[in-house]
Protein chains: 2
Amino acid sequence: MGPLARYVPILDWGRHYGGAALTNDLLAAVIVTIMLIPQSLAYAMLAGLPPDVGLYASIAPIIAYAIFGTSRSLAVGPVAVISLMTLAAASDVAPPGSPAFIEATLILAFLSGAILLLMGVLRLGFLANLLSHPVVSGFITASGIIIATSQLKSILGIEAHGETMPELLTSLASNLGEVNAPTLIIGVIATCFLFWVRRGLKPLLMMSGLKARPADLIAKTGPIAAVAVSILAVVLFDLEAQGVRVIGEIPQSLPPLTFPEFDADLWGRLAIPALLLSVIGFVESVSVGQILAAKKRQRIRPDQELIGLGAANLSASFTGGFPVTGGFARSVVNYDAGAETPAAGIFTAMGITIAALFLTPLLASLPTATLAATIIVAVLSLVDLRKPVDIFRYSRTDFAAMIATIGITLLAGVETGVIAGVSVSLALLVWRSSRPHAAIVGRVPGTEHFRNVKRHQVLTDPRVLTLRIDESLTYLNARWLEERVLKEVAEAPDIKDLILMCSAVNAIDASALESLEALNQRMRDAGVRLHLSEVKGPVMDRLRTSHFLHDLSGQVWLSQNAAFEALTHPHTAGAADTRQ
Amino acid sequence: MGPLARYVPILDWGRHYGGAALTNDLLAAVIVTIMLIPQSLAYAMLAGLPPDVGLYASIAPIIAYAIFGTSRSLAVGPVAVISLMTLAAASDVAPPGSPAFIEATLILAFLSGAILLLMGVLRLGFLANLLSHPVVSGFITASGIIIATSQLKSILGIEAHGETMPELLTSLASNLGEVNAPTLIIGVIATCFLFWVRRGLKPLLMMSGLKARPADLIAKTGPIAAVAVSILAVVLFDLEAQGVRVIGEIPQSLPPLTFPEFDADLWGRLAIPALLLSVIGFVESVSVGQILAAKKRQRIRPDQELIGLGAANLSASFTGGFPVTGGFARSVVNYDAGAETPAAGIFTAMGITIAALFLTPLLASLPTATLAATIIVAVLSLVDLRKPVDIFRYSRTDFAAMIATIGITLLAGVETGVIAGVSVSLALLVWRSSRPHAAIVGRVPGTEHFRNVKRHQVLTDPRVLTLRIDESLTYLNARWLEERVLKEVAEAPDIKDLILMCSAVNAIDASALESLEALNQRMRDAGVRLHLSEVKGPVMDRLRTSHFLHDLSGQVWLSQNAAFEALTHPHTAGAADTRQ
């Protein structure tokens, strides 16, 4: 792979493109297009935007990702959780639906694209590791609950606003008197139908002779059937006159050329939300990409994925879209429908363009209740109630991080939820790292092995204490090291020599080195010599670049046994290897 | 130690108090009081507060710490870096010196006290570990530079404001035309005198026959001499008429009873600064406390220190003070002067009270230039230029964290500097943790040892790949694990079995478990079985609580050699121990 092809993967797979791959990609594109039309409209609505914006966000971003992305199956576009985060961020600066709000979503897409691109070029993809699985899973579950609740307003035909569960529930409750019956009927029927399509249609089709894959793909077209039937119902029974809200006229147009206006203050306020959105989108997209790539023993390159998603979001901001990422449902459909290369995405983009140009007049009478039903059914599959139970059984600390994320997301909104989840995970990590395992060891009689004095019958000496440290020494435990060693020294008034056994120490950073230097000095003041034993080669190499070995009151011993022998029987022992 | 004495250490040491300790403590208190009077006035001025506030902040906090603190020698009161942070935080909400500003500093002391107390009760002292030594050292160096620069205005007799170096330098430069000559003369002489006292007086006194300790203590009284002489100069030559600014009348009073007013918005804005201030103060104080305790083989208890410092700050907020912590210079003087118990602090508080009641009229003509000189000389000793060189030689990543902290503190101010330092350290930690060491291993011929194929001549098998992982598996490297394993599988098309050798894996968290489950599933899709070998006991215990072992496509092997034998010679090998 040449250096250019590394950053523009289309140059790699594009050279050999044609034949069977082309046919498969075209077929997949048709199926994905049918599925994407209602989904794109619905997620635009969820983000508080006009429905056509959802279509625009499914055109240019797909093409940009096809050029720069590394997954062969990922389908990029509007996604539930990202739409919710977009709504939360943009409604902090302008009322949903207003021109300033639309402008804010363009800025979010632009900033998000720029952040992803920058992270890709600087190879900062590792920062996504800050989101642990329990935090991501908790966040997505909580977001799913918030999204489903927020869509109840469209099913009921009432107004309701809010970014947190308490706000949403109060708002829904206070408007419950204004429920619109025809809307409610459409919404409930659509929801039940879509649930049935998801659960019951595939087995039915298979019983009537279809194979699993085509049955699955037909079931995936359920939403478009719901859309068609409910449009018909609205037109035939003139339900609009009875108060059923419809999405209304959508311009027949190619995506407009847009450019987010620069406003330092506004960009500053949107920067953190854009960062959170980028990282969540990246994590979601990479997870999907990895699952699909592994099935064919292919790989995706996460740093290049950042560039692909960055290009997709930038292109969204230039073509009247809003923040996008690789979505789970659409990517799986794309994969199952047989997409072999990113060209399938390009064909899908063409399909959506045709829809935007010619099909939009048909959609004017689509009830928003139907779109709300597709959203509710889609996001409820994100809510995983078994996962918390599994995590609780496996690890209490991970469970704490997950519950904190779910609780804070539900009560304080998505941005606070993500930040809290990352903070809690980090705090737990720091907590665990700041009190590593260490043990006073003694010699197993008749051997050269040293074991924990609390667990084994071992030989010790009142003048020589050995502390084995079972962790790398970093700034997170440098203070612990000082406290632990000084505690041992304070509690053993007879000791003259303290040996730190470093067989499990893979690294010593500058903070830990400083703590060792301080310990050396303080123990010298207290009349105790500090020794090290079994220091690993790379650690020793690094220590040699400091003053520490020169100042050390004791010595560095190649083996713990040699140290113990020499210090407990000073007249018969061999030499230490401070100058090794 | 009883449970109450644990939280109120005075009950422990207080029971046996008297005799020689009393005499030594009284003597130390006299010396510390003399040193503290100019220092307290100066740090109040540095924080943008009236000078008497500095005296008040040196009375009640000392007593509160004496009751609740665990260090026998720590002297609590106003400290340079904390005063600078107080100035930065409070001037964000009100102009320095105004009543609202003074109120804000009381709120900062109250919030800081509450935060420290809460951290102590919840045993959250480990969170201070987030501040690595290079970050703290860089922060203190940069703060020292900012403080020294900010005091130039008083030496020059001009106005200058700003919280960052660019702001300060521009402000100083634009007012340079208004330099007041008599002020400049006093300032320069005082600065030179204090530098000489610090460097030259002690050797001189020792040459004239004094011992090192008394010589050192006399040298420490230099600032009070500078204060006395410059007051005399102002009075004798009527320098006030020539534009020399003096501190003016100070009320003769006991500390006033104050209570910070509650204002949710204001408290919200001051919460983060108060948190930063608390953590920096805690780290500084604990470092000093540990150094002094270790000299006598005593120990301090960091979680109880949080309570002691919390009580000190709360008492400061109730008695007209401002945020305080354990200071390096004053604590060392206290220790060197022979203080044996916290009672020395109580006597010092009495000394300062007497000063506040009876000596303040004498200080009205003290030039601010002299106080600025004491600040400059004190903080320039904080600037350590050799440290960055040492750290550069030892570790490039730690050096990067330090330089980032220094640069951002100088350019963007103290709060941004601390946050940036912590963030950079964490980012580097995440970066290192997210790419741990791992190696493909093979068997050393004729042994049961397995070594890195890149470093040793070892036996391997094209169908069986063994990856040894040299780190605990956590959420920071769960993604790396997936990518690394999938890469190995993608690059070795012939393999049928992959063994993860876990001899160095001390823990597997829920994220890593999920990655292992995903790997198991994906490799099954690709026709490769996943095995584990040499899993440690506690890790195995935890894995048994999950579904993973049940779903594993391969087996768990007690020894790597057994796994390799069985998988490469399937007909002769022993059984695995999945059900161990």
# chains A, B, ... in the order shown; residues from 1 in each chain; ligands from 1
$ interface_residues --of "chain A" --to "chain B" --cutoff "6 Å" --atoms "only C-alpha atoms" --output "VMD selection string"
chain A and resid 129 132 to 133 294 to 295 297 394 475 to 476 490 511 522 525 545
$ write_last_selection --atoms "N, CA and C atoms" --output "compact mmCIF listing (two decimals), in the first residue's frame"
# COMPACT_ATOMS: atom_id res chain seq x y z
N ASN A 129 -10.24 5.25 24.09
CA ASN A 129 -10.15 4.21 25.12
C ASN A 129 -10.67 4.69 26.46
N SER A 132 -14.90 3.33 28.66
CA SER A 132 -14.90 1.89 28.91
C SER A 132 -16.19 1.29 28.38
N HIS A 133 -16.20 -0.01 28.17
CA HIS A 133 -17.40 -0.67 27.66
C HIS A 133 -18.61 -0.44 28.57
N ALA A 294 -14.22 -8.32 11.04
CA ALA A 294 -13.71 -9.58 11.56
C ALA A 294 -14.41 -10.77 10.93
N LYS A 295 -15.68 -10.59 10.56
CA LYS A 295 -16.40 -11.71 9.97
C LYS A 295 -15.74 -12.21 8.70
N ARG A 297 -12.38 -11.76 8.18
CA ARG A 297 -10.95 -11.69 8.47
C ARG A 297 -10.33 -10.44 7.83
N TYR A 394 -19.69 -9.71 37.54
CA TYR A 394 -18.27 -9.82 37.21
C TYR A 394 -17.41 -8.83 37.98
N TYR A 475 3.19 7.79 38.54
CA TYR A 475 2.78 8.89 39.40
C TYR A 475 1.52 8.56 40.18
N LEU A 476 0.72 7.61 39.65
CA LEU A 476 -0.50 7.28 40.37
C LEU A 476 -0.21 6.55 41.68
N ALA A 490 8.65 2.69 59.85
CA ALA A 490 8.22 3.20 61.15
C ALA A 490 7.80 2.06 62.08
N SER A 511 7.92 10.53 38.37
CA SER A 511 7.36 10.76 39.69
C SER A 511 7.81 9.68 40.66
N ARG A 522 15.20 10.08 53.00
CA ARG A 522 14.55 10.04 54.30
C ARG A 522 14.98 8.84 55.10
N ASP A 525 18.31 9.48 56.54
CA ASP A 525 18.14 10.28 57.76
C ASP A 525 17.75 9.41 58.94
N THR A 545 20.29 6.67 33.67
CA THR A 545 20.36 8.05 33.17
C THR A 545 20.09 9.07 34.28
$ residues_around --residues "Ala241 of chain A" --least-positions-apart "4" --cutoff "12 Å" --atoms "only C-alpha atoms" --output "list in words"
Asn180, Pro182, Thr183, Val234, Val235, Leu236, Phe237, Arg245, Val246 and Ser365 of chain A
$ select_by_dssp --residues "segment 335-529 of chain B" --states "strand (DSSP E or B)" --output "list in words"
Pro367, Ala438, Ala439, Ile440, Val441, Gly442, Arg443, Phe450, Arg451, Asn452, Leu459, Asp461, Val464, Leu465, Thr466, Leu467, Arg468, Ile469, Leu473, Asp497, Leu498, Ile499, Leu500, Met501, Ile508 and Arg529 of chain B
$ closest_residue --among "B:Gln242, B:Ser285, B:Gln39, B:Gln457" --to "Gly157 of chain B" --atoms "only C-alpha atoms"
B:Gln242
$ select_by_dssp --residues "segment 179-274 of chain B" --states "helix (DSSP H, G or I)" --output "JSON, numbers by chain"
{"B": [181, 182, 183, 184, 185, 186, 187, 188, 189, 190, 191, 192, 193, 194, 195, 196, 197, 198, 199, 200, 201, 202, 203, 204, 205, 206, 207, 212, 213, 214, 215, 216, 217, 218, 219, 220, 222, 223, 224, 225, 226, 227, 228, 229, 230, 231, 232, 233, 234, 235, 236, 237, 239, 240, 241, 242, 264, 265, 266, 267, 268, 269, 270, 271, 272, 273, 274]}
$ residues_around --residues "segment 308-316 of chain B" --least-positions-apart "3" --cutoff "7 Å" --atoms "only C-alpha atoms" --output "ChimeraX atom specification"
/B:57,60-62,64-65,68-69,109-110,112-114,116-117,304-305,319-325
